[in-house]
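Undergrad: Sharing run_2.txt below, compact mmCIF, C-alpha atoms and all ligand atoms:
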# COMPACT_ATOMS: atom_id res chain seq x y z
CA MET A 3 110.23 71.27 100.20
CA ALA A 4 109.31 74.90 99.89
CA LYS A 5 106.09 74.02 98.10
CA LEU A 6 104.26 77.00 99.54
CA ALA A 7 107.04 79.40 98.54
CA ASP A 8 106.82 78.45 94.88
CA LYS A 9 103.07 78.92 94.90
CA ILE A 10 103.39 82.27 96.64
CA LEU A 11 105.96 83.45 94.09
CA ALA A 12 103.44 82.49 91.42
CA GLY A 13 100.87 84.75 93.13
CA ASP A 14 98.82 82.15 95.03
CA ARG A 15 97.00 84.04 97.80
CA ARG A 16 95.82 80.93 99.61
CA ALA A 17 99.39 79.68 99.84
CA ALA A 18 100.38 83.06 101.29
CA ALA A 19 97.63 82.86 103.92
CA ARG A 20 98.72 79.32 104.73
CA LEU A 21 102.37 80.30 105.24
CA MET A 22 101.30 83.21 107.47
CA ARG A 23 99.38 80.73 109.64
CA ASP A 24 102.36 78.36 109.72
CA LEU A 25 104.57 81.26 110.81
CA ASP A 26 102.09 82.07 113.60
CA ASP A 27 102.13 78.43 114.69
CA ARG A 28 105.93 78.41 114.46
CA MET A 29 105.95 75.40 112.17
CA PRO A 30 109.58 74.45 111.55
CA ALA A 31 108.96 74.10 107.80
CA ALA A 32 108.03 77.78 107.58
CA VAL A 33 111.70 78.72 108.01
CA GLY A 34 112.63 76.91 104.81
CA GLU A 35 109.77 78.58 102.95
CA MET A 36 110.94 82.01 104.12
CA ALA A 37 114.51 81.26 103.04
CA ARG A 38 113.20 80.38 99.60
CA LEU A 39 111.11 83.58 99.38
CA TYR A 40 113.77 85.95 100.68
CA PRO A 41 115.84 86.48 97.51
CA HIS A 42 112.67 87.46 95.66
CA THR A 43 111.74 90.20 98.12
CA GLY A 44 113.02 93.63 99.09
CA LYS A 45 112.36 95.40 95.81
CA VAL A 46 109.25 97.01 97.27
CA PRO A 47 109.93 99.74 99.85
CA TRP A 48 107.58 99.11 102.77
CA VAL A 49 105.64 101.96 104.38
CA GLY A 50 104.91 102.07 108.12
CA VAL A 51 101.91 104.02 109.44
CA THR A 52 102.00 104.59 113.18
CA GLY A 53 100.24 106.82 115.68
CA ASN A 54 98.07 106.82 118.78
CA PRO A 55 95.03 104.55 119.11
CA GLY A 56 92.09 105.98 117.18
CA SER A 57 94.14 108.59 115.31
CA GLY A 58 92.74 107.28 112.02
CA LYS A 59 95.53 105.00 110.83
CA SER A 60 93.24 102.32 109.38
CA THR A 61 91.07 104.92 107.67
CA LEU A 62 94.20 106.52 106.21
CA VAL A 63 95.57 103.15 105.08
CA ASP A 64 92.24 102.49 103.41
CA GLN A 65 92.64 105.76 101.47
CA LEU A 66 96.20 104.87 100.52
CA ILE A 67 94.99 101.50 99.26
CA ALA A 68 92.47 103.30 97.06
CA LYS A 69 95.14 105.66 95.66
CA TYR A 70 97.56 102.86 94.89
CA ARG A 71 94.78 100.79 93.30
CA GLU A 72 93.98 103.77 91.06
CA ARG A 73 97.61 103.61 89.94
CA GLY A 74 97.11 99.93 89.15
CA LYS A 75 99.27 98.75 92.02
CA LYS A 76 98.60 95.70 94.15
CA VAL A 77 98.62 96.48 97.87
CA GLY A 78 99.47 94.31 100.87
CA VAL A 79 98.65 95.48 104.40
CA VAL A 80 99.90 94.25 107.75
CA ALA A 81 97.74 95.66 110.55
CA VAL A 82 99.08 95.21 114.06
CA ASP A 83 96.22 95.45 116.53
CA PRO A 84 97.21 95.86 120.17
CA THR A 85 93.72 95.66 121.59
CA SER A 86 92.83 92.22 120.39
CA PRO A 87 94.24 89.17 122.14
CA PHE A 88 93.06 87.11 119.19
CA SER A 89 94.02 87.93 115.66
CA GLY A 90 90.45 86.95 114.72
CA GLY A 91 89.19 90.06 116.46
CA ALA A 92 91.77 92.23 114.76
CA ILE A 93 90.90 90.83 111.35
CA LEU A 94 87.24 91.60 111.91
CA GLY A 95 87.93 95.18 112.98
CA ASP A 96 90.16 95.94 110.04
CA ARG A 97 87.83 94.21 107.61
CA ILE A 98 85.12 96.60 108.64
CA ARG A 99 87.35 99.62 108.09
CA MET A 100 88.91 98.34 104.89
CA GLN A 101 85.87 96.43 103.67
CA ARG A 102 85.43 98.20 100.37
CA HIS A 103 88.63 96.44 99.29
CA GLY A 104 87.53 93.08 100.69
CA LEU A 105 86.65 91.54 97.33
CA ASP A 106 89.52 93.16 95.46
CA ASP A 107 92.08 90.60 94.32
CA GLY A 108 94.76 93.30 94.28
CA VAL A 109 94.51 93.86 98.02
CA PHE A 110 95.65 91.54 100.81
CA VAL A 111 95.05 92.57 104.43
CA ARG A 112 96.52 90.57 107.28
CA SER A 113 96.09 91.44 110.95
CA LEU A 114 98.38 90.47 113.79
CA ALA A 115 97.55 90.66 117.48
CA THR A 116 100.44 92.07 119.46
CA ARG A 117 100.23 89.40 122.10
CA GLY A 118 101.46 85.90 121.54
CA HIS A 119 104.35 86.62 119.20
CA LEU A 120 107.16 84.75 120.82
CA GLY A 121 109.75 85.75 118.29
CA GLY A 122 108.95 89.42 118.81
CA LEU A 123 106.45 91.69 117.17
CA SER A 124 108.79 93.22 114.65
CA ARG A 125 109.89 89.79 113.50
CA SER A 126 106.30 88.62 112.94
CA THR A 127 105.44 91.86 111.20
CA ARG A 128 108.47 91.60 108.96
CA ASP A 129 107.72 87.96 108.11
CA VAL A 130 104.18 88.81 107.04
CA ALA A 131 105.35 91.85 105.06
CA ARG A 132 107.91 89.67 103.34
CA VAL A 133 105.29 87.11 102.34
CA LEU A 134 103.16 89.93 100.89
CA ASP A 135 106.21 91.28 99.06
CA ALA A 136 106.93 87.80 97.63
CA LEU A 137 103.29 87.44 96.62
CA GLY A 138 103.84 90.29 94.19
CA MET A 139 102.31 93.21 96.05
CA ASP A 140 103.60 96.50 94.62
CA GLU A 141 103.09 98.33 97.90
CA VAL A 142 103.32 96.98 101.44
CA LEU A 143 101.73 99.07 104.19
CA ILE A 144 102.26 98.32 107.88
CA GLU A 145 99.87 99.80 110.45
CA THR A 146 101.06 99.77 114.07
CA VAL A 147 99.80 101.64 117.07
CA GLY A 148 102.30 104.02 118.64
CA VAL A 149 102.38 102.57 122.11
CA GLY A 150 105.37 101.24 123.97
CA GLN A 151 108.19 100.35 121.67
CA ASP A 152 106.05 99.59 118.64
CA GLU A 153 106.86 102.80 116.80
CA VAL A 154 110.54 102.20 117.23
CA GLU A 155 110.10 98.69 115.96
CA VAL A 156 108.29 99.78 112.82
CA SER A 157 111.26 101.95 111.86
CA ARG A 158 113.36 98.81 111.88
CA VAL A 159 110.99 97.22 109.40
CA ALA A 160 109.67 99.98 107.12
CA GLU A 161 111.60 102.19 104.69
CA THR A 162 109.29 105.14 105.16
CA CYS A 163 107.55 105.82 108.47
CA VAL A 164 104.40 107.94 108.50
CA VAL A 165 103.49 109.22 111.98
CA VAL A 166 99.84 110.18 112.43
CA VAL A 167 98.93 112.89 114.94
CA VAL A 168 95.51 114.39 115.66
CA PRO A 169 94.50 117.85 116.89
CA GLY A 170 92.36 118.55 119.88
CA LEU A 171 94.11 116.68 122.63
CA GLY A 172 95.70 119.78 124.12
CA ASP A 173 99.25 118.78 124.90
CA ASP A 174 99.24 116.11 122.25
CA VAL A 175 102.46 117.07 120.51
CA GLN A 176 104.39 117.47 123.75
CA ALA A 177 103.15 114.05 124.69
CA LEU A 178 104.76 112.54 121.60
CA LYS A 179 107.55 110.36 122.74
CA ALA A 180 111.03 111.33 121.67
CA GLY A 181 111.25 108.02 119.81
CA VAL A 182 108.41 109.01 117.50
CA LEU A 183 110.23 112.17 116.45
CA GLU A 184 113.32 110.20 115.64
CA ILE A 185 111.53 107.74 113.41
CA ALA A 186 109.08 110.05 111.59
CA ASP A 187 109.88 110.46 107.90
CA VAL A 188 106.51 112.09 107.24
CA PHE A 189 104.13 113.66 109.76
CA VAL A 190 100.42 113.54 109.08
CA VAL A 191 98.02 115.67 111.10
CA ASN A 192 94.84 113.69 110.52
CA LYS A 193 91.29 114.75 111.40
CA ALA A 194 92.13 118.14 109.93
CA ASP A 195 88.37 118.78 109.83
CA ARG A 196 88.60 119.35 113.57
CA PRO A 197 89.66 122.55 115.34
CA GLY A 198 93.25 122.99 116.52
CA VAL A 199 94.99 121.82 113.33
CA ASP A 200 97.13 124.94 112.85
CA ARG A 201 98.40 124.73 116.38
CA VAL A 202 99.49 121.09 116.02
CA VAL A 203 101.20 121.88 112.72
CA ARG A 204 103.09 124.81 114.29
CA GLU A 205 104.16 122.67 117.24
CA LEU A 206 105.38 119.94 114.93
CA GLU A 207 107.32 122.50 112.87
CA MET A 208 109.00 123.64 116.05
CA LEU A 209 109.91 120.08 117.03
CA VAL A 210 111.24 119.29 113.56
CA SER A 211 113.39 122.43 113.55
CA LEU A 212 114.87 121.41 116.89
CA ARG A 213 115.86 117.96 115.71
CA PRO A 214 119.59 117.33 115.84
CA ARG A 215 121.04 117.41 112.34
CA ALA A 216 121.90 114.01 110.91
CA ASP A 217 125.63 114.84 110.61
CA GLU A 218 125.73 116.01 114.23
CA GLU A 219 124.09 112.79 115.31
CA GLU A 220 126.66 110.91 113.32
CA LYS A 221 129.46 112.74 115.11
CA MET A 222 127.88 112.03 118.46
CA HIS A 223 127.66 108.34 117.70
CA HIS A 224 131.26 108.24 116.55
CA GLY A 225 132.67 110.31 119.36
CA GLY A 226 133.03 113.38 117.14
CA SER A 227 135.51 111.65 114.89
CA GLN A 228 136.64 113.95 112.11
CA ALA A 229 138.05 110.92 110.31
CA VAL A 230 134.57 109.45 110.00
CA ALA A 231 133.20 112.66 108.53
CA GLU A 232 136.08 112.72 106.03
CA ALA A 233 135.59 109.07 105.15
CA VAL A 234 131.94 109.72 104.45
CA ALA A 235 132.83 112.71 102.28
CA VAL A 236 135.41 110.65 100.35
CA ALA A 237 132.97 107.78 99.86
CA GLY A 238 130.46 110.30 98.55
CA ALA A 239 132.99 111.81 96.16
CA VAL A 240 133.98 108.39 94.87
CA ALA A 241 130.35 107.65 94.16
CA GLY A 242 130.19 111.02 92.41
CA ALA A 243 127.63 112.17 94.92
CA GLU A 244 129.27 114.66 97.29
CA ALA A 245 126.16 116.75 97.41
CA VAL A 246 123.89 113.99 98.62
CA ALA A 247 126.26 112.18 100.98
CA GLY A 248 125.51 114.68 103.71
CA ALA A 249 122.01 115.47 102.51
CA GLU A 250 119.32 115.56 105.09
CA TRP A 251 115.66 114.69 104.99
CA VAL A 252 113.39 117.11 106.77
CA PRO A 253 110.10 115.36 107.56
CA PRO A 254 107.23 117.19 105.86
CA ILE A 255 104.11 117.94 107.90
CA LEU A 256 100.90 117.22 106.02
CA THR A 257 97.26 117.54 106.94
CA THR A 258 94.60 114.98 106.00
CA VAL A 259 90.97 114.14 106.49
CA SER A 260 91.06 110.38 106.14
CA THR A 261 87.32 110.03 106.18
CA ASP A 262 86.96 111.91 102.86
CA GLY A 263 90.44 111.50 101.38
CA THR A 264 91.56 115.14 101.61
CA GLY A 265 95.35 115.41 101.52
CA VAL A 266 95.98 111.78 100.62
CA ASP A 267 97.45 112.64 97.20
CA ALA A 268 100.02 114.83 98.94
CA LEU A 269 100.83 111.97 101.30
CA VAL A 270 101.45 109.62 98.38
CA ALA A 271 103.73 112.28 96.86
CA ALA A 272 105.62 112.69 100.16
CA ILE A 273 106.17 108.94 100.40
CA ASP A 274 107.49 108.93 96.82
CA ALA A 275 109.78 111.86 97.60
CA HIS A 276 111.18 110.11 100.66
CA ARG A 277 111.88 107.01 98.59
CA ALA A 278 113.69 109.09 96.02
CA PHE A 279 115.75 110.65 98.80
CA LEU A 280 116.69 107.26 100.24
CA SER A 281 117.68 105.89 96.86
CA THR A 282 120.04 108.79 96.15
CA SER A 283 121.48 109.43 99.59
CA ASP A 284 123.71 107.72 102.08
CA ALA A 285 120.83 107.60 104.53
CA GLY A 286 119.10 104.90 102.50
CA ARG A 287 122.13 102.63 102.59
CA ARG A 288 122.60 103.18 106.31
CA ARG A 289 118.98 102.42 107.03
CA ARG A 290 119.13 99.20 105.05
CA GLU A 291 122.24 98.09 106.95
CA VAL A 292 120.60 98.69 110.32
CA GLN A 293 117.45 96.89 109.20
CA ARG A 294 119.25 93.88 107.78
CA GLU A 295 121.23 93.40 110.94
CA ALA A 296 118.08 93.81 113.07
CA GLU A 297 116.37 91.18 110.96
CA LEU A 298 119.28 88.77 111.26
CA ARG A 299 119.29 89.22 115.03
CA GLU A 300 115.56 88.63 115.30
CA VAL A 301 115.55 85.51 113.18
CA PHE A 302 118.66 84.25 114.96
CA ARG A 303 117.26 84.96 118.42
CA ALA A 304 114.05 83.03 117.81
CA ARG A 305 115.89 80.08 116.31
CA VAL A 306 118.62 79.99 118.94
CA VAL A 307 116.16 79.81 121.83
CA ASP A 308 114.42 76.78 120.34
CA ALA A 309 117.69 75.11 119.43
CA ALA A 310 119.21 75.77 122.84
CA ILE A 311 116.22 74.35 124.72
CA GLU A 312 116.32 71.26 122.55
CA ARG A 313 120.05 70.84 123.14
CA LEU A 314 119.67 71.25 126.91
CA GLY A 315 116.98 68.56 126.98
CA ASP A 316 116.66 67.10 130.47
CA ALA A 317 118.87 69.82 131.93
CA TRP A 318 116.35 72.42 130.72
CA ARG A 319 113.44 70.48 132.17
CA ALA A 320 115.26 70.15 135.50
CA LEU A 321 115.94 73.91 135.63
CA ALA A 322 112.33 74.65 134.70
CA ALA A 323 111.14 72.34 137.49
CA GLU A 324 113.36 74.16 140.00
CA VAL A 325 111.98 77.51 138.88
CA ASN A 326 108.44 76.16 139.03
CA ALA A 327 108.99 74.91 142.56
CA GLY A 328 110.24 78.34 143.60
CA ARG A 329 113.70 77.03 144.50
CA LEU A 330 115.49 78.86 141.70
CA ASP A 331 114.97 82.26 140.10
CA PRO A 332 114.85 82.55 136.30
CA TYR A 333 117.99 84.70 136.18
CA SER A 334 120.16 82.16 137.95
CA ALA A 335 118.53 79.37 135.93
CA THR A 336 119.44 81.21 132.71
CA GLU A 337 123.03 81.68 133.87
CA GLN A 338 123.28 77.96 134.59
CA ALA A 339 121.75 77.05 131.26
CA VAL A 340 124.10 79.36 129.34
CA ALA A 341 127.15 78.10 131.23
CA ARG A 342 126.16 74.55 130.39
CA LEU A 343 125.62 75.36 126.71
CA LEU A 344 128.82 77.30 126.29
CA GLY A 345 130.81 74.87 128.42
CA ASP A 346 132.11 77.48 130.89
N1 LIG B 1 86.51 113.59 111.98
C1 LIG B 1 87.38 112.68 111.52
N2 LIG B 1 87.31 111.43 111.95
C2 LIG B 1 88.19 110.53 111.47
C3 LIG B 1 89.18 110.90 110.52
N3 LIG B 1 89.92 109.81 110.25
C4 LIG B 1 89.42 108.81 110.99
N4 LIG B 1 88.37 109.23 111.72
C5 LIG B 1 87.55 108.43 112.65
O1 LIG B 1 88.32 108.08 113.78
C6 LIG B 1 87.94 106.80 114.26
C7 LIG B 1 89.17 105.91 114.36
O2 LIG B 1 89.67 105.65 113.06
P1 LIG B 1 90.60 104.42 112.75
O3 LIG B 1 91.01 104.52 111.34
O4 LIG B 1 89.98 103.16 113.19
O5 LIG B 1 91.82 104.74 113.70
P2 LIG B 1 93.09 103.83 114.02
O6 LIG B 1 94.20 104.76 114.30
O7 LIG B 1 93.29 102.82 112.97
O8 LIG B 1 92.62 103.13 115.36
P3 LIG B 1 93.30 101.86 116.08
O9 LIG B 1 93.78 100.91 115.02
O10 LIG B 1 92.22 101.30 116.93
O11 LIG B 1 94.42 102.43 116.90
C8 LIG B 1 86.90 106.26 113.31
O12 LIG B 1 85.64 106.49 113.83
C9 LIG B 1 87.13 107.10 112.06
O13 LIG B 1 85.96 107.25 111.28
C10 LIG B 1 89.22 112.26 110.07
O14 LIG B 1 90.06 112.66 109.26
N5 LIG B 1 88.30 113.10 110.60
MG MG B 2 93.48 100.70 113.12
Represent the structure from my file as C-alpha cells, please.
Ligand SMILES: Nc1nc2c(ncn2[C@@H]2O[C@H](COP(=O)(O)OP(=O)(O)OP(=O)(O)O)[C@@H](O)[C@H]2O)c(=O)[nH]1
Ligand SMILES: [Mg+2]
TA:
Amino acid sequence: MAKLADKILAGDRRAAARLMRDLDDRMPAAVGEMARLYPHTGKVPWVGVTGNPGSGKSTLVDQLIAKYRERGKKVGVVAVDPTSPFSGGAILGDRIRMQRHGLDDGVFVRSLATRGHLGGLSRSTRDVARVLDALGMDEVLIETVGVGQDEVEVSRVAETCVVVVVPGLGDDVQALKAGVLEIADVFVVNKADRPGVDRVVRELEMLVSLRPRADEEEKMHHGGSQAVAEAVAVAGAVAGAEAVAGAEWVPPILTTVSTDGTGVDALVAAIDAHRAFLSTSDAGRRRREVQREAELREVFRARVVDAAIERLGDAWRALAAEVNAGRLDPYSATEQAVARLLGD
C-alpha cells in the first residue's frame, strides 16, 4: 500500500504524475496515497494567481517560476484552464507559455480542465497542489481564471491570493466582482506597458480604502459581540501579541509587465510580506482553520456520495431508472434516497 506516496516523498516525479492521473480517474487507492502524503505537506504556503481570461496570469507565473528558480527553489504549478474540455489541451497551452522551464527538473507544471471534476474544482486543485508539496516543491503556484466561483475557491486553497487586473477595458475595476476584492491579498495591474495604468491603480486604491475593516467584519459575523472582541484581545495578550491580534493586511497594488519581467521582484517581495503577516497575526490562524474545514468537507463530500450510492445499491438504481423515465424528479429522488439512508 501507499507505494506511490513513498516514491513521491523521495522526490519521484513520475510517481507524482501517476498519482495525479489516479486522482483524476478517481481510483480508490489514491485516497490511501493522499492520506500517507498529508502529514508531510503544508509547510509550503501556496500562492494563488487569479484574474480574467488573458490578463497574463500564465506569463506572470512563468516570471515567478524564473525568480524562484534564481533563488534555488523548486516550483510546482497547478494551472486550471477553463477553456479546455480536455486537460491535454490545457497542458499544451501552458507548456507553450511556460516552455522555457519544460526541461528544468526543479519545475513541475500540471494543468487541470475545469470540467469533469466530480469532487469539485477546489478539491482537485488542492489534491494536485498537495502532491506537488509532498514531492518537495519549495513553492506551489496555482493559476485559476477569475470566472464564476473560481476566485472564491482559490482563496480556500491558497495562503496568498494574487489578483491580476489589466488596464484598458474601461470599466474594468468596477466590473470586478465583490468576491475578488474580498479574496485579494495582493493586486497586480499587469500589462503596465499599456495606457490607462494609473487610472486602474487609482480605482483599486479607492476600492481597497472602502473595504470593511477586518475587526468590523468580525463584529458583523458575530452579531457585534463585544465578548468576542475581548476574547480575541485576551488571546492576543496571552500569546504576547496584542499588537498583531487586531492587525490588518492592506492589499498592496503593484504594476507589472509580465512579458519582460518588470515589477516581478516587487511581487515576490509582496508575497513574502504577506506570508510574514500571516505567520505573526491572528489572520493566518483563522485562514488555516477555514481552509482545513473546507478541505475536510470536500474530501468528505466526494467520499460520502460514492459510499452512499454503493450502500443504496438496487434502491439507487431503481430511483435512477424512475428519474430516467421522467416519472420522478431528482429532488424527490434525493429526498427518498436520504430518508432511506438515514432511516427516517
Ligand atoms: N503587452 C503585454 N502583454 C502581455 C503582458 N502579459 C501578458 N501579455 C500577453 O497577454 C496574452 C495572454 O497572456 P497569458 O499569460 O496567456 O494570460 P492568462 O491570463 O494566463 O490567460 P488564460 O489562462 O487564457 O486566462 C499573451 O499574448 C501574453 O503575451 C504584459 O505585461 N504586457
Ligand atoms: Mg493562463
Undergrad: For a quick check of understanding, using all atoms listed in the file, which of A:Ala320, A:Ala341, A:Leu137, A:Val270 has the smallest distance to Tyr40 in chain A?
TA: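 Nearest candidate to Tyr40 in chain A out of A:Ala320, A:Ala341, A:Leu137, A:Val270: A:Leu137.
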Undergrad: Just the residues within 8 Å of range 181-192 of chain A, please, counting all atoms listed in the file, with nothing from its chain fewer than 3 positions along; format it as a ChimeraX atom specification.
TA: /A:57-58,148,153-154,157,162-169,178,199,202-203,209-210,251-260,269,272-273,276
Undergrad: A:Arg158, A:Ala18, A:Leu343, A:Lys45: which is nearest Leu298 in chain A, counting all atoms listed in the file?
TA: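 Closest to Leu298 in chain A, using all atoms listed in the file: A:Arg158.
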Undergrad: Output as a tab-separated table one row per residue of chain A within 7 Å of ligand LIG 1 (chain B): the closest atom pair and its distance in Å to one decimal place, counting all atoms listed in the file, sorted by chain and residue number ascending.
TA:
residue	atom	partner	partner_atom	distance
A:Gly53	CA	B:LIG1	O6	6.5
A:Asn54	CA	B:LIG1	O11	6.0
A:Pro55	CA	B:LIG1	O11	3.1
A:Gly56	CA	B:LIG1	O8	3.4
A:Ser57	CA	B:LIG1	O6	4.0
A:Gly58	CA	B:LIG1	O5	3.2
A:Lys59	CA	B:LIG1	O6	3.7
A:Ser60	CA	B:LIG1	O7	3.6
A:Thr61	CA	B:LIG1	O3	3.7
A:Leu62	CA	B:LIG1	O3	6.4
A:Asp83	CA	B:LIG1	O9	6.2
A:Arg99	CA	B:LIG1	O4	6.7
A:Val147	CA	B:LIG1	O11	5.4
A:Asn192	CA	B:LIG1	O14	5.0
A:Lys193	CA	B:LIG1	O14	3.2
A:Ala194	CA	B:LIG1	O14	5.9
A:Asp195	CA	B:LIG1	N5	5.7
A:Arg196	CA	B:LIG1	N1	6.3
A:Thr258	CA	B:LIG1	O14	6.1
A:Val259	CA	B:LIG1	O14	3.3
A:Ser260	CA	B:LIG1	O14	4.0
A:Thr261	CA	B:LIG1	C3	4.8
Undergrad: Which residue out of A:Ala131, A:Ala37, A:Ala285, A:Ala81 has the minimum interatomic distance to ligand MG 2 (chain B) when all atoms listed in the file are used?
TA: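 Going through A:Ala131, A:Ala37, A:Ala285, A:Ala81 one by one, the smallest distance to ligand MG 2 (chain B) is for A:Ala81.
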Undergrad: Could you work out how far CA of Val301 in chain A lies from CA of Val33 in chain A, giving the answer in Å with one decimal?
TA: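 Atom-to-atom, CA of Val33 in chain A and CA of Val301 in chain A are spaced 9.4 Å apart.
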Undergrad: Using all atoms listed in the file for the distances, tell me which of A:Val133, A:Glu145, A:Ala17, A:Pro41 is nearest to ligand MG 2 (chain B).
TA: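 Among the listed residues, the smallest separation from ligand MG 2 (chain B) belongs to A:Glu145.
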Undergrad: Measuring atom to atom with only C-alpha atoms and all ligand atoms, identify which of A:Ala317, A:Thr146, A:Leu11, A:Met22 is nearest to ligand MG 2 (chain B).
TA: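 For ligand MG 2 (chain B), the nearest of the given residues is A:Thr146.
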Undergrad: For a quick check of understanding, using only C-alpha atoms, which of A:Arg299, A:Lys5, A:Arg342, A:Arg213 has the smallest distance to Gly34 in chain A?
TA: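 Closest to Gly34 in chain A, using only C-alpha atoms: A:Lys5.
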Undergrad: Would you mind reading off the distance between CA of Ala275 in chain A and CA of Gly78 in chain A, one decimal, in Å?
TA: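 Spanning CA of Ala275 in chain A to CA of Gly78 in chain A is a straight-line distance of 20.6 Å.
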Undergrad: Which value, in Å to one decimal, gives the distance between CA of Glu141 in chain A and CA of Val109 in chain A?
TA: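 CA of Glu141 in chain A sits 9.7 Å away from CA of Val109 in chain A.
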Undergrad: So for range 262-276 of chain A, what box centre and size do we get, axis-aligned, 6 Å extra on each of the six sides, every listed atom, Å to one decimal, as lines of an AutoDock Vina configuration file?
TA:
center_x = 99.1
center_y = 112.2
center_z = 99.8
size_x = 36.2
size_y = 18.5
size_z = 18.0
Undergrad: Quick one: residues within 10 Å of Met36 in chain A, all atoms listed in the file, excluding same-chain residues fewer than 5 positions away - as a list in words?
TA: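 Here the answer would be Ala4, Leu6, Ala7, Leu21, Leu25, Ala31, Pro41, Asp129, Arg132, Val133 and Ala136 of chain A.
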Undergrad: Next, dump the selected residues to file, keeping only C-alpha atoms, as a PDB file, in the frame of the given file.
TA:
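The new file part-v3.pdb reads:
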ATOM      1  CA  ALA A   4     109.310  74.900  99.890  1.00  0.00           C
ATOM      2  CA  LEU A   6     104.260  77.000  99.540  1.00  0.00           C
ATOM      3  CA  ALA A   7     107.040  79.400  98.540  1.00  0.00           C
ATOM      4  CA  LEU A  21     102.370  80.300 105.240  1.00  0.00           C
ATOM      5  CA  LEU A  25     104.570  81.260 110.810  1.00  0.00           C
ATOM      6  CA  ALA A  31     108.960  74.100 107.800  1.00  0.00           C
ATOM      7  CA  PRO A  41     115.840  86.480  97.510  1.00  0.00           C
ATOM      8  CA  ASP A 129     107.720  87.960 108.110  1.00  0.00           C
ATOM      9  CA  ARG A 132     107.910  89.670 103.340  1.00  0.00           C
ATOM     10  CA  VAL A 133     105.290  87.110 102.340  1.00  0.00           C
ATOM     11  CA  ALA A 136     106.930  87.800  97.630  1.00  0.00           C
TER      12      ALA A 136
END
Undergrad: Rebuild range 265-276 of chain A so that it carries N, CA, C and O atoms, then output the result as a PDB file, keeping the file's coordinate frame.
TA:
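Contents of rebuild-v9.pdb, freshly written:
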ATOM      1  N   GLY A 265      93.932 115.410 101.176  1.00  0.00           N
ATOM      2  CA  GLY A 265      95.350 115.410 101.520  1.00  0.00           C
ATOM      3  C   GLY A 265      96.076 114.099 101.258  1.00  0.00           C
ATOM      4  O   GLY A 265      97.289 114.011 101.454  1.00  0.00           O
ATOM      5  N   VAL A 266      95.346 113.089 100.802  1.00  0.00           N
ATOM      6  CA  VAL A 266      95.980 111.780 100.620  1.00  0.00           C
ATOM      7  C   VAL A 266      96.908 111.759  99.393  1.00  0.00           C
ATOM      8  O   VAL A 266      97.949 111.104  99.414  1.00  0.00           O
ATOM      9  N   ASP A 267      96.545 112.537  98.357  1.00  0.00           N
ATOM     10  CA  ASP A 267      97.450 112.640  97.200  1.00  0.00           C
ATOM     11  C   ASP A 267      98.806 113.204  97.612  1.00  0.00           C
ATOM     12  O   ASP A 267      99.848 112.722  97.178  1.00  0.00           O
ATOM     13  N   ALA A 268      98.764 114.225  98.478  1.00  0.00           N
ATOM     14  CA  ALA A 268     100.020 114.830  98.940  1.00  0.00           C
ATOM     15  C   ALA A 268     100.816 113.834  99.765  1.00  0.00           C
ATOM     16  O   ALA A 268     102.055 113.823  99.722  1.00  0.00           O
ATOM     17  N   LEU A 269     100.128 112.977 100.507  1.00  0.00           N
ATOM     18  CA  LEU A 269     100.830 111.970 101.300  1.00  0.00           C
ATOM     19  C   LEU A 269     101.536 110.967 100.385  1.00  0.00           C
ATOM     20  O   LEU A 269     102.698 110.619 100.614  1.00  0.00           O
ATOM     21  N   VAL A 270     100.837 110.543  99.336  1.00  0.00           N
ATOM     22  CA  VAL A 270     101.450 109.620  98.380  1.00  0.00           C
ATOM     23  C   VAL A 270     102.702 110.281  97.760  1.00  0.00           C
ATOM     24  O   VAL A 270     103.760 109.648  97.643  1.00  0.00           O
ATOM     25  N   ALA A 271     102.590 111.554  97.448  1.00  0.00           N
ATOM     26  CA  ALA A 271     103.730 112.280  96.860  1.00  0.00           C
ATOM     27  C   ALA A 271     104.884 112.365  97.853  1.00  0.00           C
ATOM     28  O   ALA A 271     106.058 112.222  97.478  1.00  0.00           O
ATOM     29  N   ALA A 272     104.567 112.586  99.134  1.00  0.00           N
ATOM     30  CA  ALA A 272     105.620 112.690 100.160  1.00  0.00           C
ATOM     31  C   ALA A 272     106.331 111.349 100.335  1.00  0.00           C
ATOM     32  O   ALA A 272     107.550 111.295 100.511  1.00  0.00           O
ATOM     33  N   ILE A 273     105.568 110.273 100.285  1.00  0.00           N
ATOM     34  CA  ILE A 273     106.170 108.940 100.400  1.00  0.00           C
ATOM     35  C   ILE A 273     107.104 108.700  99.213  1.00  0.00           C
ATOM     36  O   ILE A 273     108.233 108.226  99.374  1.00  0.00           O
ATOM     37  N   ASP A 274     106.648 109.075  98.024  1.00  0.00           N
ATOM     38  CA  ASP A 274     107.490 108.930  96.820  1.00  0.00           C
ATOM     39  C   ASP A 274     108.769 109.752  96.949  1.00  0.00           C
ATOM     40  O   ASP A 274     109.851 109.303  96.587  1.00  0.00           O
ATOM     41  N   ALA A 275     108.616 110.979  97.462  1.00  0.00           N
ATOM     42  CA  ALA A 275     109.780 111.860  97.600  1.00  0.00           C
ATOM     43  C   ALA A 275     110.782 111.271  98.594  1.00  0.00           C
ATOM     44  O   ALA A 275     111.999 111.320  98.366  1.00  0.00           O
ATOM     45  N   HIS A 276     110.275 110.709  99.671  1.00  0.00           N
ATOM     46  CA  HIS A 276     111.180 110.110 100.660  1.00  0.00           C
ATOM     47  C   HIS A 276     111.924 108.922 100.068  1.00  0.00           C
ATOM     48  O   HIS A 276     113.116 108.729 100.299  1.00  0.00           O
TER      49      HIS A 276
END
